[in-house]
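Participant: input22.txt is the file, holding compact mmCIF, C-alpha atoms and all ligand atoms:
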# COMPACT_ATOMS: atom_id res chain seq x y z
CA MET A 1 100.51 123.82 88.90
CA ASN A 2 99.82 123.49 85.20
CA ARG A 3 96.88 121.47 84.03
CA LEU A 4 98.82 118.35 83.14
CA VAL A 5 100.51 118.30 86.53
CA LEU A 6 97.13 118.86 88.10
CA ILE A 7 95.67 115.89 86.26
CA PHE A 8 98.56 113.72 87.35
CA TYR A 9 98.15 114.97 90.86
CA ALA A 10 94.43 114.19 90.76
CA ILE A 11 95.15 110.67 89.54
CA ALA A 12 97.77 110.22 92.22
CA CYS A 13 95.24 111.36 94.83
CA LEU A 14 92.61 108.99 93.49
CA LYS A 15 95.15 106.24 93.72
CA SER A 16 96.01 107.15 97.25
CA VAL A 17 92.32 107.24 98.17
CA ASP A 18 92.22 103.72 96.84
CA VAL A 19 95.28 102.84 98.86
CA GLY A 20 93.68 104.64 101.79
CA ALA A 21 91.03 101.97 101.90
CA GLN A 22 93.81 99.59 102.76
CA VAL A 23 93.90 98.00 106.09
CA ILE A 24 97.60 97.90 106.85
CA GLY A 25 98.94 99.88 109.74
CA VAL A 26 102.22 99.98 111.61
CA ASN A 27 103.25 100.09 115.25
CA TYR A 28 105.37 103.12 116.06
CA GLY A 29 107.26 102.36 119.25
CA LEU A 30 109.64 104.87 120.77
CA LEU A 31 111.83 102.70 122.97
CA GLY A 32 115.06 103.70 121.27
CA ASN A 33 117.55 106.49 121.94
CA ASN A 34 118.48 106.88 118.28
CA LEU A 35 115.12 107.11 116.54
CA PRO A 36 114.32 109.75 113.91
CA LEU A 37 112.18 112.79 114.70
CA ALA A 38 108.43 112.33 114.55
CA ASP A 39 107.97 114.39 111.38
CA GLN A 40 110.50 112.22 109.54
CA VAL A 41 108.77 109.13 110.88
CA ILE A 42 105.35 110.21 109.72
CA ALA A 43 106.72 111.07 106.28
CA LEU A 44 108.30 107.61 106.19
CA ILE A 45 105.01 105.91 107.08
CA LYS A 46 103.15 107.83 104.40
CA SER A 47 105.79 107.24 101.76
CA ASN A 48 105.31 103.53 102.36
CA LYS A 49 101.58 103.88 101.63
CA ILE A 50 100.63 102.95 105.17
CA ASN A 51 97.63 104.91 106.41
CA LYS A 52 97.27 103.73 109.99
CA VAL A 53 99.61 103.98 112.93
CA ARG A 54 99.48 102.72 116.49
CA ILE A 55 101.23 104.53 119.32
CA PHE A 56 101.54 102.96 122.74
CA GLN A 57 100.92 106.02 124.84
CA PRO A 58 99.88 109.62 124.21
CA TYR A 59 103.23 111.15 123.36
CA GLN A 60 102.29 114.82 122.92
CA GLY A 61 105.07 115.51 120.41
CA VAL A 62 103.95 112.63 118.21
CA LEU A 63 100.28 113.61 118.48
CA GLN A 64 101.17 117.19 117.52
CA THR A 65 103.03 115.91 114.48
CA LEU A 66 100.15 113.62 113.53
CA LYS A 67 97.87 116.65 113.11
CA ASP A 68 96.62 116.91 109.54
CA SER A 69 98.73 113.89 108.58
CA ASN A 70 95.60 112.02 107.52
CA LEU A 71 96.94 108.93 109.25
CA GLU A 72 94.42 107.07 111.38
CA VAL A 73 95.73 106.65 114.89
CA VAL A 74 95.31 103.84 117.39
CA LEU A 75 96.07 105.47 120.72
CA GLY A 76 97.18 103.46 123.74
CA THR A 77 97.34 104.25 127.44
CA LEU A 78 100.13 103.52 129.86
CA ASN A 79 99.27 100.32 131.70
CA GLU A 80 100.20 102.16 134.89
CA ASP A 81 97.34 104.61 134.26
CA LEU A 82 94.67 101.92 134.08
CA GLN A 83 93.86 101.85 137.76
CA GLN A 84 93.21 105.56 137.95
CA LEU A 85 91.35 105.58 134.65
CA ALA A 86 89.16 102.82 136.08
CA THR A 87 88.48 104.31 139.47
CA ASP A 88 88.45 108.06 138.88
CA GLN A 89 86.02 109.44 136.28
CA SER A 90 87.52 112.91 136.48
CA PHE A 91 91.00 111.53 135.75
CA ALA A 92 89.52 109.69 132.75
CA ALA A 93 87.85 112.91 131.64
CA SER A 94 91.07 114.91 131.82
CA TRP A 95 92.99 112.10 130.08
CA VAL A 96 90.48 112.26 127.24
CA LYS A 97 90.56 116.06 127.17
CA ASP A 98 94.37 116.29 127.04
CA ASN A 99 95.09 113.39 124.72
CA VAL A 100 92.08 113.11 122.46
CA LEU A 101 89.82 116.16 122.47
CA ALA A 102 92.82 118.49 122.22
CA TYR A 103 93.70 116.90 118.88
CA ILE A 104 90.28 116.43 117.33
CA PRO A 105 89.55 116.89 114.43
CA SER A 106 93.07 117.32 113.08
CA VAL A 107 94.10 113.90 114.38
CA LYS A 108 91.91 111.03 113.22
CA PHE A 109 91.58 108.52 116.05
CA ARG A 110 90.68 105.01 114.94
CA TYR A 111 90.59 103.30 118.34
CA ILE A 112 91.54 104.07 121.90
CA ALA A 113 93.12 101.01 123.49
CA LEU A 114 92.98 100.78 127.28
CA GLY A 115 95.94 98.67 128.28
CA ASN A 116 98.41 96.63 126.25
CA GLU A 117 98.61 92.89 126.95
CA VAL A 118 97.48 93.20 130.56
CA ILE A 119 95.11 90.22 130.62
CA PRO A 120 95.79 88.05 132.57
CA GLY A 121 97.72 90.12 135.07
CA GLN A 122 97.61 92.64 137.88
CA TYR A 123 95.86 95.30 135.75
CA ALA A 124 93.35 92.98 134.08
CA ASN A 125 90.41 93.85 136.26
CA PHE A 126 90.80 97.59 135.68
CA VAL A 127 90.38 97.36 131.91
CA TYR A 128 86.60 97.22 131.74
CA ASP A 129 86.02 100.13 134.13
CA ALA A 130 88.71 102.17 132.38
CA MET A 131 87.01 101.53 129.02
CA GLN A 132 83.69 102.58 130.50
CA ASN A 133 85.08 105.79 132.02
CA VAL A 134 86.89 106.78 128.85
CA GLN A 135 83.78 106.09 126.81
CA ASN A 136 81.74 108.25 129.21
CA ALA A 137 84.18 111.11 128.74
CA LEU A 138 84.11 110.75 124.95
CA LYS A 139 80.31 110.62 124.91
CA ALA A 140 80.09 113.72 127.07
CA ALA A 141 82.07 115.51 124.35
CA ASN A 142 79.97 113.96 121.57
CA VAL A 143 83.00 112.15 120.21
CA ASN A 144 82.60 108.67 118.83
CA VAL A 145 85.86 106.72 118.85
CA PRO A 146 85.78 102.98 119.56
CA VAL A 147 87.21 102.12 122.96
CA THR A 148 88.88 98.75 123.38
CA THR A 149 91.93 96.92 124.74
CA VAL A 150 94.89 95.01 123.28
CA VAL A 151 95.18 91.35 124.26
CA SER A 152 98.10 89.01 123.76
CA TYR A 153 97.74 85.33 123.03
CA ALA A 154 98.19 84.68 126.74
CA VAL A 155 94.50 85.56 127.08
CA LEU A 156 93.65 82.17 125.56
CA GLY A 157 93.67 79.04 127.69
CA SER A 158 93.56 76.83 124.63
CA SER A 159 93.97 77.84 121.02
CA TYR A 160 94.42 74.64 119.07
CA PRO A 161 92.67 73.59 116.99
CA PRO A 162 90.99 77.00 116.55
CA SER A 163 87.53 75.48 117.12
CA ASN A 164 88.69 74.38 120.58
CA ALA A 165 89.86 77.83 121.68
CA SER A 166 88.69 79.59 124.80
CA PHE A 167 89.83 82.33 127.14
CA GLY A 168 91.98 81.10 130.00
CA GLN A 169 90.54 80.73 133.48
CA ASP A 170 92.78 83.52 134.72
CA SER A 171 91.44 85.83 131.98
CA SER A 172 87.78 84.95 132.00
CA ALA A 173 86.69 87.34 134.78
CA ALA A 174 88.09 90.33 132.86
CA MET A 175 86.99 89.11 129.43
CA SER A 176 83.46 88.31 130.54
CA LYS A 177 83.00 92.02 131.35
CA ILE A 178 84.91 93.40 128.36
CA VAL A 179 83.40 91.25 125.62
CA PRO A 180 79.73 92.19 126.20
CA PHE A 181 80.80 95.86 126.24
CA LEU A 182 82.52 95.44 122.87
CA GLN A 183 79.57 93.48 121.50
CA GLN A 184 77.02 96.02 122.64
CA ASN A 185 78.96 99.00 121.26
CA GLN A 186 80.14 97.18 118.12
CA TYR A 187 83.75 97.85 118.99
CA PRO A 188 86.53 95.47 117.92
CA LEU A 189 88.92 93.51 120.12
CA LEU A 190 92.57 94.23 119.34
CA ALA A 191 94.78 91.14 119.42
CA ASN A 192 98.51 90.64 119.01
CA VAL A 193 99.13 87.64 116.77
CA TYR A 194 102.61 86.15 116.45
CA PRO A 195 102.96 82.88 114.53
CA CYS A 196 106.74 83.30 114.94
CA PHE A 197 106.67 82.60 118.67
CA ALA A 198 104.61 79.42 118.21
CA TYR A 199 107.00 78.33 115.49
CA PHE A 200 110.14 79.17 117.48
CA GLY A 201 108.77 77.00 120.29
CA GLU A 202 108.04 73.99 118.06
CA PRO A 203 110.13 74.31 114.91
CA THR A 204 110.16 70.59 114.22
CA THR A 205 106.39 70.02 114.56
CA ILE A 206 105.15 73.18 112.84
CA ASP A 207 105.52 73.47 109.07
CA ALA A 208 107.78 76.46 108.35
CA ASP A 209 105.70 77.45 105.32
CA TYR A 210 102.54 77.39 107.47
CA ALA A 211 104.13 79.69 110.06
CA LEU A 212 105.63 81.98 107.40
CA GLY A 213 102.37 82.18 105.45
CA ASN A 214 103.85 80.75 102.25
CA PRO A 215 101.07 79.75 99.84
CA ASN A 216 102.58 76.28 99.34
CA ALA A 217 102.01 75.34 103.01
CA SER A 218 100.04 72.18 103.63
CA PHE A 219 96.52 72.54 105.02
CA VAL A 220 95.48 72.03 108.60
CA TYR A 221 91.90 70.81 108.87
CA ASP A 222 89.59 71.81 111.69
CA GLY A 223 86.06 70.47 111.28
CA THR A 224 84.66 71.95 108.10
CA LEU A 225 87.33 74.67 107.98
CA SER A 226 90.86 74.44 106.67
CA TYR A 227 93.89 76.65 107.12
CA ASN A 228 97.08 76.99 105.17
CA ASN A 229 98.57 79.71 107.32
CA MET A 230 98.92 80.06 111.05
CA PHE A 231 98.00 83.75 111.02
CA ASP A 232 94.42 82.93 109.96
CA ALA A 233 94.20 80.03 112.41
CA MET A 234 95.32 82.23 115.29
CA ILE A 235 92.74 84.91 114.47
CA ASP A 236 89.99 82.31 114.24
CA ALA A 237 90.97 80.91 117.64
CA MET A 238 90.30 84.38 119.02
CA TYR A 239 86.90 84.43 117.27
CA VAL A 240 85.98 81.08 118.82
CA ALA A 241 86.95 82.27 122.29
CA LEU A 242 84.89 85.45 121.78
CA GLU A 243 81.84 83.44 120.73
CA LYS A 244 82.02 81.39 123.88
CA VAL A 245 81.47 84.49 126.02
CA GLY A 246 78.80 86.15 123.88
CA GLY A 247 81.03 88.08 121.48
CA ASN A 248 79.62 86.69 118.22
CA GLY A 249 79.58 90.15 116.65
CA VAL A 250 82.97 91.38 117.89
CA LYS A 251 85.56 91.89 115.16
CA VAL A 252 89.18 90.95 115.79
CA VAL A 253 91.70 93.57 114.64
CA VAL A 254 95.34 92.44 114.59
CA SER A 255 97.04 95.17 116.56
CA GLU A 256 100.49 93.57 116.19
CA THR A 257 102.04 90.99 113.98
CA GLY A 258 105.60 90.67 112.80
CA TRP A 259 108.74 88.55 112.73
CA PRO A 260 112.13 89.45 114.21
CA SER A 261 115.08 89.62 111.84
CA ALA A 262 117.67 88.74 114.50
CA GLY A 263 118.00 87.50 118.07
CA ALA A 264 117.07 83.82 117.59
CA ASP A 265 118.00 80.99 115.20
CA LEU A 266 114.83 81.33 113.14
CA ALA A 267 114.77 85.10 113.41
CA THR A 268 116.46 85.78 110.10
CA THR A 269 116.10 88.72 107.77
CA ASN A 270 114.85 86.34 105.14
CA ASN A 271 112.15 84.85 107.37
CA ALA A 272 111.11 88.31 108.53
CA LYS A 273 110.89 89.57 104.96
CA THR A 274 108.92 86.48 103.90
CA TYR A 275 106.44 86.59 106.77
CA VAL A 276 105.80 90.32 106.74
CA ASN A 277 105.34 90.49 102.99
CA ASN A 278 103.09 87.40 103.05
CA VAL A 279 100.94 88.84 105.81
CA ILE A 280 100.60 92.16 103.98
CA GLN A 281 99.57 90.43 100.75
CA ARG A 282 97.21 88.24 102.77
CA VAL A 283 95.50 91.26 104.34
CA LEU A 284 95.37 93.16 101.05
CA THR A 285 93.30 90.40 99.43
CA GLY A 286 90.41 91.86 101.43
CA LYS A 287 89.33 88.34 102.32
CA GLY A 288 88.40 87.37 105.84
CA THR A 289 89.46 84.26 107.71
CA PRO A 290 87.84 80.84 107.16
CA LYS A 291 85.56 81.51 110.13
CA ARG A 292 84.71 85.10 109.15
CA PRO A 293 85.09 85.13 105.37
CA GLU A 294 83.07 88.32 104.98
CA THR A 295 85.08 90.33 107.52
CA PRO A 296 88.15 91.92 105.88
CA LEU A 297 91.29 91.83 107.97
CA GLU A 298 92.92 94.88 109.49
CA ALA A 299 96.49 94.43 110.74
CA TYR A 300 99.26 96.58 112.18
CA ILE A 301 102.80 95.43 111.49
CA PHE A 302 105.12 95.30 114.47
CA ALA A 303 107.15 97.39 114.24
CA LEU A 304 108.40 100.40 112.39
CA PHE A 305 111.92 100.51 113.89
CA ASN A 306 114.41 98.32 115.65
CA GLU A 307 114.30 99.75 119.18
CA ASN A 308 117.50 99.54 121.18
CA GLN A 309 115.92 100.20 124.59
CA LYS A 310 113.72 97.11 124.49
CA PRO A 311 114.92 93.86 126.09
CA ALA A 312 117.88 92.37 124.22
CA GLY A 313 117.27 89.62 121.68
CA THR A 314 114.34 89.29 119.31
CA GLU A 315 112.50 92.19 120.99
CA GLN A 316 115.00 94.69 119.62
CA ASN A 317 114.81 93.34 116.10
CA PHE A 318 111.24 93.56 114.89
CA GLY A 319 111.74 96.72 112.85
CA LEU A 320 110.98 97.22 109.20
CA PHE A 321 113.61 99.97 109.41
CA TYR A 322 116.84 100.71 111.19
CA PRO A 323 116.81 103.97 113.16
CA ASP A 324 118.66 105.67 110.29
CA ILE A 325 115.61 104.89 108.11
CA THR A 326 117.32 102.33 105.92
CA PRO A 327 115.09 99.28 105.42
CA VAL A 328 115.97 96.05 107.25
CA TYR A 329 114.34 94.29 104.29
CA PRO A 330 112.09 95.47 101.48
CA VAL A 331 108.36 95.61 102.17
CA ASN A 332 105.78 95.88 99.44
CA ILE A 333 102.49 97.40 100.55
CA VAL A 334 100.84 97.76 97.11
C1 LIG B 401 90.98 71.28 123.54
O1 LIG B 401 91.43 72.03 124.66
C2 LIG B 401 91.49 71.28 125.85
C3 LIG B 401 91.75 72.23 127.00
O2 LIG B 401 92.78 73.12 126.74
C4 LIG B 401 92.55 70.19 125.69
O3 LIG B 401 92.67 69.44 126.85
C5 LIG B 401 92.15 69.30 124.51
O4 LIG B 401 93.14 68.37 124.26
C6 LIG B 401 91.91 70.12 123.25
N1 LIG B 401 91.33 69.32 122.22
C7 LIG B 401 92.00 69.01 121.13
C8 LIG B 401 91.24 68.23 120.12
O5 LIG B 401 93.14 69.39 120.91
C1 LIG B 402 107.47 76.93 99.67
O1 LIG B 402 107.76 78.18 99.06
C2 LIG B 402 108.82 78.89 99.68
C3 LIG B 402 108.87 80.29 99.08
O2 LIG B 402 108.74 80.26 97.69
C4 LIG B 402 110.11 78.12 99.55
O3 LIG B 402 111.18 78.83 100.12
C5 LIG B 402 109.92 76.79 100.25
O4 LIG B 402 111.07 76.00 100.13
C6 LIG B 402 108.72 76.04 99.68
N1 LIG B 402 108.46 74.88 100.53
C7 LIG B 402 108.42 73.66 100.07
C8 LIG B 402 108.16 72.58 101.07
O5 LIG B 402 108.63 73.39 98.89
Rewrite the coordinates I just gave you, this time as structure tokens.
Ligand SMILES: *[C@@H]1O[C@H](CO)[C@@H](O)[C@H](O)[C@H]1NC(C)=O
Ligand SMILES: *[C@@H]1O[C@H](CO)[C@@H](O)[C@H](O)[C@H]1NC(C)=O

Facilitator:
Amino acid sequence: MNRLVLIFYAIACLKSVDVGAQVIGVNYGLLGNNLPLADQVIALIKSNKINKVRIFQPYQGVLQTLKDSNLEVVLGTLNEDLQQLATDQSFAASWVKDNVLAYIPSVKFRYIALGNEVIPGQYANFVYDAMQNVQNALKAANVNVPVTTVVSYAVLGSSYPPSNASFGQDSSAAMSKIVPFLQQNQYPLLANVYPCFAYFGEPTTIDADYALGNPNASFVYDGTLSYNNMFDAMIDAMYVALEKVGGNGVKVVVSETGWPSAGADLATTNNAKTYVNNVIQRVLTGKGTPKRPETPLEAYIFALFNENQKPAGTEQNFGLFYPDITPVYPVNIV
């Protein structure tokens, strides 16, 4: 490398360090039979200036490829493993050994998420014990990675207006164990936040611009706070519910948000492009929500690819990219 190239390279690195402070990640699902190889996928993520990736279970091939990628990784567990993780410390220890310790330090783990959208449900009451057992195993190895779970909006009994939000009765037993654990350890709660589904359900009552995050949306007032996008309002509803069970200090990380580009009337490429780009620009402002103005947002776009082995309809059409790596619509991360 000659000196000029080196200087350019140094500037490019500085820039990417800057970009690295960004708080946009992407969900990398593998429920497709036509998806690119993991090394192509990781190159694609990096070339889009995304520095965080969530995977839903510890795919060894993907974890191998993530080594030295510098991407921060949110690692999920199979929901079917929760019971054994919760009830068998030695299973939890070997899960941690095989899927986390084996990859440290060349894989940077941001969070370990025990269970995806299992509260309320048959696995809900295993989540807290699974978190505890996985944390024990990490601590025994002197590894400090936040341990948490991913909740869907179904965890809330009420969510509107945000100040009136609370966890549902069928979720409160699980959440009243999980939230103090998160609070005590200063771990975040991961939440999947989809204004699109609320809007699809009530397209005539909800302002399209409010759901899409367009800056010209009219404001919704809630006590002393006001919202001009549903994304912020939904996050704040989660904060209110957390406060009600002693989680005043628990940060909400948006583990999924997105908009399908097909599969329903309002699932258009244009709406998907508008929402996803608005949400990215929203997060990149570094500003928190009305309720937590000092807490910058962190959000993972759902999803990287259209996945043809998911249920038909909108579920298959959340991708930023088609499996051949052509964009479904342009996304601007910078
Ligand atoms: C608050 O939530 C409760 C219970 O879900 C509901 O009955 C009530 O109407 C809500 N309040 C407002 C102002 O919407
Ligand atoms: C708000 O802005 C969006 C995007 O620029 C535009 O498509 C939409 O029509 C506007 N809404 C209103 C009510 O003017």

Participant: Taking all atoms listed in the file into account, which residues have an atom no farther than 6 Å from ligand LIG 402 (chain B)? I'd like them as an MDAnalysis selection string.

Facilitator: chainID A and resid 209 214 216

Participant: Filtering to C-alpha atoms, could you give me those residues as a PDB file, keeping the file's coordinate frame?

Facilitator:
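Everything below was put into out_31.pdb:
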ATOM      1  CA  ASP A 209     105.700  77.450 105.320  1.00  0.00           C
ATOM      2  CA  ASN A 214     103.850  80.750 102.250  1.00  0.00           C
ATOM      3  CA  ASN A 216     102.580  76.280  99.340  1.00  0.00           C
TER       4      ASN A 216
END

Participant: Please report as JSON lines every residue of segment 18-49 of chain A lying within 8 Å of segment 305-321 of chain A, along with the nearest atom pair and their distance in Å (one decimal), using only C-alpha atoms.

Facilitator:
{"residue": "A:Tyr28", "atom": "CA", "partner": "A:Phe305", "partner_atom": "CA", "distance": 7.4}
{"residue": "A:Gly29", "atom": "CA", "partner": "A:Phe305", "partner_atom": "CA", "distance": 7.3}
{"residue": "A:Leu30", "atom": "CA", "partner": "A:Glu307", "partner_atom": "CA", "distance": 7.1}
{"residue": "A:Leu31", "atom": "CA", "partner": "A:Gln309", "partner_atom": "CA", "distance": 5.1}
{"residue": "A:Gly32", "atom": "CA", "partner": "A:Glu307", "partner_atom": "CA", "distance": 4.5}
{"residue": "A:Asn33", "atom": "CA", "partner": "A:Asn308", "partner_atom": "CA", "distance": 7.0}
{"residue": "A:Asn34", "atom": "CA", "partner": "A:Asn308", "partner_atom": "CA", "distance": 8.0}
{"residue": "A:Leu35", "atom": "CA", "partner": "A:Phe305", "partner_atom": "CA", "distance": 7.8}

Participant: Using only C-alpha atoms, list the residues that have an atom at most 10 Å from (88.7, 96.3, 133.3), coordinates as in the file, as JSON, numbers by chain.

Facilitator: {"A": [82, 83, 85, 86, 114, 115, 118, 119, 123, 124, 125, 126, 127, 128, 129, 130, 131, 132, 149, 173, 174, 175, 176, 177, 178]}

Participant: Using all atoms listed in the file, which residues have at least one atom no more than 8 Å from ligand LIG 401 (chain B)? Output them as a list in words.

Facilitator: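 Selection of residues at most 8 Å from ligand LIG 401 (chain B): Gly157, Ser158, Ser159, Tyr160, Pro161, Asn164, Ala165 and Ser166 of chain A.
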
Participant: Report the distance between atom CA of Ala272 of chain A and atom CA of Asn229 of chain A in Å, rounded to one decimal place.

Facilitator: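 So the answer is 15.3 Å.
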
Participant: Determine the nearest neighbour of Lys287 of chain A from the options A:Leu101, A:Val245, A:Val23, A:Leu189, counting only C-alpha atoms.

Facilitator: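 Going through A:Leu101, A:Val245, A:Val23, A:Leu189 one by one, the smallest distance to Lys287 of chain A is for A:Val23.
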
Participant: Give me the residues near Val253 of chain A as a PyMOL selection string, where near means some atom within 10 Å (using only C-alpha atoms) and where sequence neighbours in that chain fewer than 2 positions away do not count.

Facilitator: chain A and resi 23+150+188-193+235+250-251+255-256+296-300

Participant: Would you mind exporting C-alpha atoms of the selected residues as a JSON list (two decimals), keeping the file's coordinate frame?

Facilitator:
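Final output, selection_25.json:
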[["chain", "number", "residue", "atom", "x", "y", "z"],
["A", 23, "VAL", "CA", 93.90, 98.00, 106.09],
["A", 150, "VAL", "CA", 94.89, 95.01, 123.28],
["A", 188, "PRO", "CA", 86.53, 95.47, 117.92],
["A", 189, "LEU", "CA", 88.92, 93.51, 120.12],
["A", 190, "LEU", "CA", 92.57, 94.23, 119.34],
["A", 191, "ALA", "CA", 94.78, 91.14, 119.42],
["A", 192, "ASN", "CA", 98.51, 90.64, 119.01],
["A", 193, "VAL", "CA", 99.13, 87.64, 116.77],
["A", 235, "ILE", "CA", 92.74, 84.91, 114.47],
["A", 250, "VAL", "CA", 82.97, 91.38, 117.89],
["A", 251, "LYS", "CA", 85.56, 91.89, 115.16],
["A", 255, "SER", "CA", 97.04, 95.17, 116.56],
["A", 256, "GLU", "CA", 100.49, 93.57, 116.19],
["A", 296, "PRO", "CA", 88.15, 91.92, 105.88],
["A", 297, "LEU", "CA", 91.29, 91.83, 107.97],
["A", 298, "GLU", "CA", 92.92, 94.88, 109.49],
["A", 299, "ALA", "CA", 96.49, 94.43, 110.74],
["A", 300, "TYR", "CA", 99.26, 96.58, 112.18]]

Participant: So what do you get for atom CA of Leu78 of chain A versus atom CA of Gln184 of chain A, distance-wise?

Facilitator: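 Atom CA of Gln184 of chain A lies 25.3 Å from atom CA of Leu78 of chain A.
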
Participant: So the first atom is atom CA of Lys108 of chain A and the second is atom CA of Leu71 of chain A; what is the distance between them in Å, to one decimal place?

Facilitator: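 These two atoms are separated by 6.7 Å.
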
Participant: So which residues touch Ala93 of chain A within 12 Å, counting only C-alpha atoms, skipping near sequence neighbours fewer than 2 positions away, as a tab-separated table (two decimals) with C-alpha atoms, in the coordinates of the input?

Facilitator:
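Here's the written file around.tsv:
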chain	number	residue	atom	x	y	z
A	84	GLN	CA	93.21	105.56	137.95
A	85	LEU	CA	91.35	105.58	134.65
A	86	ALA	CA	89.16	102.82	136.08
A	87	THR	CA	88.48	104.31	139.47
A	88	ASP	CA	88.45	108.06	138.88
A	89	GLN	CA	86.02	109.44	136.28
A	90	SER	CA	87.52	112.91	136.48
A	91	PHE	CA	91.00	111.53	135.75
A	95	TRP	CA	92.99	112.10	130.08
A	96	VAL	CA	90.48	112.26	127.24
A	97	LYS	CA	90.56	116.06	127.17
A	98	ASP	CA	94.37	116.29	127.04
A	99	ASN	CA	95.09	113.39	124.72
A	100	VAL	CA	92.08	113.11	122.46
A	101	LEU	CA	89.82	116.16	122.47
A	130	ALA	CA	88.71	102.17	132.38
A	131	MET	CA	87.01	101.53	129.02
A	132	GLN	CA	83.69	102.58	130.50
A	133	ASN	CA	85.08	105.79	132.02
A	134	VAL	CA	86.89	106.78	128.85
A	135	GLN	CA	83.78	106.09	126.81
A	136	ASN	CA	81.74	108.25	129.21
A	137	ALA	CA	84.18	111.11	128.74
A	138	LEU	CA	84.11	110.75	124.95
A	139	LYS	CA	80.31	110.62	124.91
A	140	ALA	CA	80.09	113.72	127.07
A	141	ALA	CA	82.07	115.51	124.35

Participant: Excluding Gly25 of chain A and its own-chain neighbours fewer than 3 positions away, which residues fall within 12 Å of it when counting only C-alpha atoms? Please give them as a PyMOL selection string.

Facilitator: chain A and resi 19-22+28+45-46+48-55+71-74+110+253-258+279-280+283-284+297-304+333

Participant: Any chance you could export the current selection's C-alpha atoms as an mmCIF file, keeping the file's coordinate frame?

Facilitator:
data_model
loop_
_atom_site.group_PDB
_atom_site.id
_atom_site.type_symbol
_atom_site.label_atom_id
_atom_site.label_comp_id
_atom_site.auth_asym_id
_atom_site.auth_seq_id
_atom_site.Cartn_x
_atom_site.Cartn_y
_atom_site.Cartn_z
ATOM 1 C CA VAL A 19 95.280 102.840 98.860
ATOM 2 C CA GLY A 20 93.680 104.640 101.790
ATOM 3 C CA ALA A 21 91.030 101.970 101.900
ATOM 4 C CA GLN A 22 93.810 99.590 102.760
ATOM 5 C CA TYR A 28 105.370 103.120 116.060
ATOM 6 C CA ILE A 45 105.010 105.910 107.080
ATOM 7 C CA LYS A 46 103.150 107.830 104.400
ATOM 8 C CA ASN A 48 105.310 103.530 102.360
ATOM 9 C CA LYS A 49 101.580 103.880 101.630
ATOM 10 C CA ILE A 50 100.630 102.950 105.170
ATOM 11 C CA ASN A 51 97.630 104.910 106.410
ATOM 12 C CA LYS A 52 97.270 103.730 109.990
ATOM 13 C CA VAL A 53 99.610 103.980 112.930
ATOM 14 C CA ARG A 54 99.480 102.720 116.490
ATOM 15 C CA ILE A 55 101.230 104.530 119.320
ATOM 16 C CA LEU A 71 96.940 108.930 109.250
ATOM 17 C CA GLU A 72 94.420 107.070 111.380
ATOM 18 C CA VAL A 73 95.730 106.650 114.890
ATOM 19 C CA VAL A 74 95.310 103.840 117.390
ATOM 20 C CA ARG A 110 90.680 105.010 114.940
ATOM 21 C CA VAL A 253 91.700 93.570 114.640
ATOM 22 C CA VAL A 254 95.340 92.440 114.590
ATOM 23 C CA SER A 255 97.040 95.170 116.560
ATOM 24 C CA GLU A 256 100.490 93.570 116.190
ATOM 25 C CA THR A 257 102.040 90.990 113.980
ATOM 26 C CA GLY A 258 105.600 90.670 112.800
ATOM 27 C CA VAL A 279 100.940 88.840 105.810
ATOM 28 C CA ILE A 280 100.600 92.160 103.980
ATOM 29 C CA VAL A 283 95.500 91.260 104.340
ATOM 30 C CA LEU A 284 95.370 93.160 101.050
ATOM 31 C CA LEU A 297 91.290 91.830 107.970
ATOM 32 C CA GLU A 298 92.920 94.880 109.490
ATOM 33 C CA ALA A 299 96.490 94.430 110.740
ATOM 34 C CA TYR A 300 99.260 96.580 112.180
ATOM 35 C CA ILE A 301 102.800 95.430 111.490
ATOM 36 C CA PHE A 302 105.120 95.300 114.470
ATOM 37 C CA ALA A 303 107.150 97.390 114.240
ATOM 38 C CA LEU A 304 108.400 100.400 112.390
ATOM 39 C CA ILE A 333 102.490 97.400 100.550
#

Participant: Point out the residue among A:Leu225, A:Tyr210, A:Asn144, A:Glu202 with the least atom-to-atom distance to Asn185 of chain A, counting only C-alpha atoms.

Facilitator: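 Ranked by minimum distance to Asn185 of chain A, first place goes to A:Asn144.
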
Participant: Would you please work out which residue, of A:Pro180, A:Pro195, A:Asp222, A:Pro215, is nearest to Gly249 of chain A when using only C-alpha atoms?

Facilitator: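 That would be A:Pro180, the residue with the smallest distance to Gly249 of chain A.
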
Participant: Neighbouring residues of Ser218 of chain A were defined as those with any atom within 12 Å, considering only C-alpha atoms; residues of the same chain fewer than 5 positions away were excluded. Please report them as a VMD selection string.

Facilitator: chain A and resid 206 to 213 226 to 230
